[in-house]
Amino acid sequence: MYGKKVKLRALFILLIFLSVVLTSFLIFKSLEENVVYFKSPTEVKNLAELENKKIRVGGMVKKNSIKTNDLEISFIITDFQNELIVSFKGSVPNLFEEGKGVVAEGFLEDRNYLKATKILAKHDENYMPPEVEEALKENN
Amino acid sequence: MLNNINPTKIFFIINRLQKYILILFLVVLVIGLLEALVFSPEDYKQSDSVRIMYVHVPAAWISLGIFSIISILSFVILIFKNKNFSLITKSLAPSGFVFNIIALVTGSIWGKPTWGTWWAWDARITSMLLLAVFYLMFILSWRIIDQNDKAIKVSSIIAILGLINVPIIKFSVDWWSTLHQPSSVNLLEETTIHSSMLLPLSLMTAAFALFSVLIFLMKYNTELIKIKNKGLDRL
């Protein structure tokens, strides 16, 4: 139906495209470490060595773990397997709440303790009016 | 086959279409904005800032969709040397680029009160920024390169390379841990947006899509007039 030239051109472009796809796949695979925005407490536990570098840890704020005093706020990040204590001086975002997602950026003192320099609230994929949320709560 | 479509005929059809699409766009936009800003409820957690989503998410969808179309047409352009399709991709790019910028800016405005930061270098946001760069390269390649044949080739190659980025944007939130939330509207899994919020989201998406079609038709019209002025009766 089509000429030989068109077929060859199609093959040529397809091959180039596939090789670029494969190359970028391999690059992303090897850069995995840097592509993730934060580590989980479990991943922090399993770190080979603690570097004195800024790190982001994310997970859920453990229920009843938020403690505040005049100077700082401390809470526990959990991924329901391991936990990590975070302390922070400063104000937290409005959506920071226990039982909700959080990302803390700062320096690790040890495998269980992070001194945060920035707290980000993570929003989940659920959107609903307040009445629906109350109805859901009552059902549970 | 596709090269032999008469531009004059297309020209008349487009001129007639534009009027109806403009009217439809205005109607859907007004209803969509009323739903998004007045009638839809506030969110249980983020209260009124959820309304930013009704612009942010449709803008992101449309910019991704337009880029995908440009990329797929670019394959056809390179393989079959179809010049009409290169006019189409050239006319599609501006509205896609503008919606891409709108998605980035509204995301940033939403991020400050919810996350606590204007910007995060996570996989979703960075790949979306990369899409804007691809759009810009595509548009600039037409401006910079004087020879038409060369511009067609370079812009098509840019669009095809950018296609690799499209699934990365879509699945970035599933493949890597990101600050950006996973998608709420899913075809295969359950949608996690309440129906009262899904309505304004769909309306705004339709409005933005109609707007893109309108801008596309205007741009395409201009391209056809340019060709007419060159005194060519076919592409």
# chains A, B, ... in the order shown; residues from 1 in each chain; ligands from 1
>>> residues_around(residues="stretch 46-50 of chain B", least_positions_apart="2", cutoff="8 Å", atoms="only C-alpha atoms", output="PyMOL selection string")
(chain A and resi 95) or (chain B and resi 42-44+52-54+110+114)
>>> residues_around(residues="B:Lys153", least_positions_apart="2", cutoff="10 Å", atoms="only C-alpha atoms", output="PyMOL selection string")
chain B and resi 74+77-78+81+86+141+148-151+155-158
>>> interface_residues(of="chain B", to="chain A", cutoff="8 Å", atoms="only C-alpha atoms", output="ChimeraX atom specification")
/B:41-46,75,78-80,113-117,121-123,160-161,164,176-184,192-194,197
>>> write_last_selection(atoms="N, CA and C atoms", output="compact mmCIF listing (two decimals), in the first residue's frame")
# COMPACT_ATOMS: atom_id res chain seq x y z
N PRO B 41 -19.97 22.58 47.09
CA PRO B 41 -19.65 22.73 48.52
C PRO B 41 -18.16 22.94 48.74
N GLU B 42 -17.80 23.45 49.92
CA GLU B 42 -16.38 23.52 50.24
C GLU B 42 -15.90 22.16 50.71
N ASP B 43 -14.59 21.98 50.70
CA ASP B 43 -14.02 20.68 51.06
C ASP B 43 -13.95 20.54 52.58
N TYR B 44 -14.03 19.28 53.07
CA TYR B 44 -14.03 19.06 54.52
C TYR B 44 -12.70 19.44 55.14
N LYS B 45 -11.63 19.40 54.33
CA LYS B 45 -10.31 19.63 54.92
C LYS B 45 -9.71 20.95 54.48
N GLN B 46 -9.76 21.24 53.18
CA GLN B 46 -9.09 22.43 52.68
C GLN B 46 -10.06 23.58 52.46
N PHE B 75 4.38 11.88 14.50
CA PHE B 75 4.79 10.62 13.87
C PHE B 75 4.33 10.58 12.42
N LEU B 78 6.28 12.98 10.17
CA LEU B 78 7.63 12.53 9.80
C LEU B 78 7.57 11.35 8.83
N ILE B 79 6.64 10.45 9.06
CA ILE B 79 6.61 9.24 8.23
C ILE B 79 6.00 9.51 6.86
N PHE B 80 4.86 10.21 6.85
CA PHE B 80 4.17 10.41 5.58
C PHE B 80 4.39 11.79 4.96
N PRO B 113 -1.07 27.54 50.68
CA PRO B 113 -1.91 27.35 51.88
C PRO B 113 -2.08 25.89 52.31
N THR B 114 -2.00 24.92 51.37
CA THR B 114 -2.25 23.53 51.78
C THR B 114 -0.96 22.82 52.20
N TRP B 115 0.04 22.80 51.33
CA TRP B 115 1.27 22.10 51.67
C TRP B 115 2.16 22.93 52.60
N GLY B 116 2.10 24.25 52.38
CA GLY B 116 3.01 25.12 53.12
C GLY B 116 4.21 25.53 52.28
N THR B 117 4.15 25.30 50.95
CA THR B 117 5.25 25.73 50.09
C THR B 117 4.72 26.06 48.70
N TRP B 121 10.32 20.20 44.35
CA TRP B 121 10.91 19.50 43.20
C TRP B 121 10.55 18.02 43.27
N ASP B 122 9.27 17.72 43.33
CA ASP B 122 8.90 16.31 43.31
C ASP B 122 8.65 15.89 41.86
N ALA B 123 8.45 14.59 41.66
CA ALA B 123 8.44 14.05 40.29
C ALA B 123 7.31 14.64 39.46
N ILE B 160 7.91 14.37 19.47
CA ILE B 160 8.01 12.92 19.66
C ILE B 160 8.84 12.60 20.90
N LEU B 161 9.95 13.33 21.08
CA LEU B 161 10.77 13.10 22.28
C LEU B 161 9.98 13.46 23.54
N ILE B 164 7.65 10.91 25.55
CA ILE B 164 8.15 10.04 26.61
C ILE B 164 7.80 10.61 27.98
N TRP B 176 6.70 6.98 42.19
CA TRP B 176 7.61 7.50 43.21
C TRP B 176 6.83 8.18 44.31
N SER B 177 7.47 8.35 45.47
CA SER B 177 6.80 9.13 46.51
C SER B 177 6.91 10.60 46.13
N THR B 178 5.76 11.26 46.08
CA THR B 178 5.74 12.66 45.68
C THR B 178 4.95 13.45 46.73
N LEU B 179 5.16 14.76 46.71
CA LEU B 179 4.34 15.61 47.59
C LEU B 179 2.95 15.74 46.98
N HIS B 180 2.88 15.71 45.65
CA HIS B 180 1.60 15.81 44.95
C HIS B 180 0.76 14.57 45.23
N GLN B 181 -0.55 14.77 45.46
CA GLN B 181 -1.42 13.64 45.75
C GLN B 181 -1.64 12.78 44.51
N PRO B 182 -1.95 11.48 44.73
CA PRO B 182 -2.27 10.61 43.58
C PRO B 182 -3.56 11.08 42.90
N SER B 183 -3.84 10.56 41.71
CA SER B 183 -5.01 11.05 40.98
C SER B 183 -6.30 10.60 41.65
N SER B 184 -7.30 11.47 41.59
CA SER B 184 -8.58 11.19 42.25
C SER B 184 -9.60 10.66 41.27
N THR B 192 -12.26 9.27 43.81
CA THR B 192 -12.32 9.70 45.20
C THR B 192 -12.73 11.17 45.35
N ILE B 193 -13.43 11.68 44.35
CA ILE B 193 -14.00 13.03 44.46
C ILE B 193 -15.51 12.88 44.57
N HIS B 194 -16.09 13.56 45.53
CA HIS B 194 -17.54 13.48 45.71
C HIS B 194 -18.25 14.03 44.47
N MET B 197 -18.61 17.60 43.59
CA MET B 197 -17.40 18.30 43.15
C MET B 197 -16.98 17.85 41.76
>>> atom_distance(atom1="atom CA of A:Leu50", atom2="atom CA of A:Tyr113")
11.7 Å
>>> select_by_dssp(residues="stretch 63-195 of chain B", states="helix (DSSP H, G or I)", output="number ranges by chain")
B: 63-80, 83-114, 123-144, 148-163, 165-175, 195
>>> atom_distance(atom1="atom CA of A:Ala48", atom2="atom CA of A:Glu83")
17.5 Å
>>> select_by_dssp(residues="stretch 8-129 of chain A", states="strand (DSSP E or B)", output="ChimeraX atom specification")
/A:39,55-61,67-68,73-78,83-88,101-110,113-122,127
>>> atom_distance(atom1="atom CA of A:Phe88", atom2="atom CA of A:Lys115")
6.3 Å
>>> closest_residue(among="B:Phe138, B:Trp61, B:Phe11, B:Trp118", to="B:Ile102", atoms="only C-alpha atoms")
B:Trp61
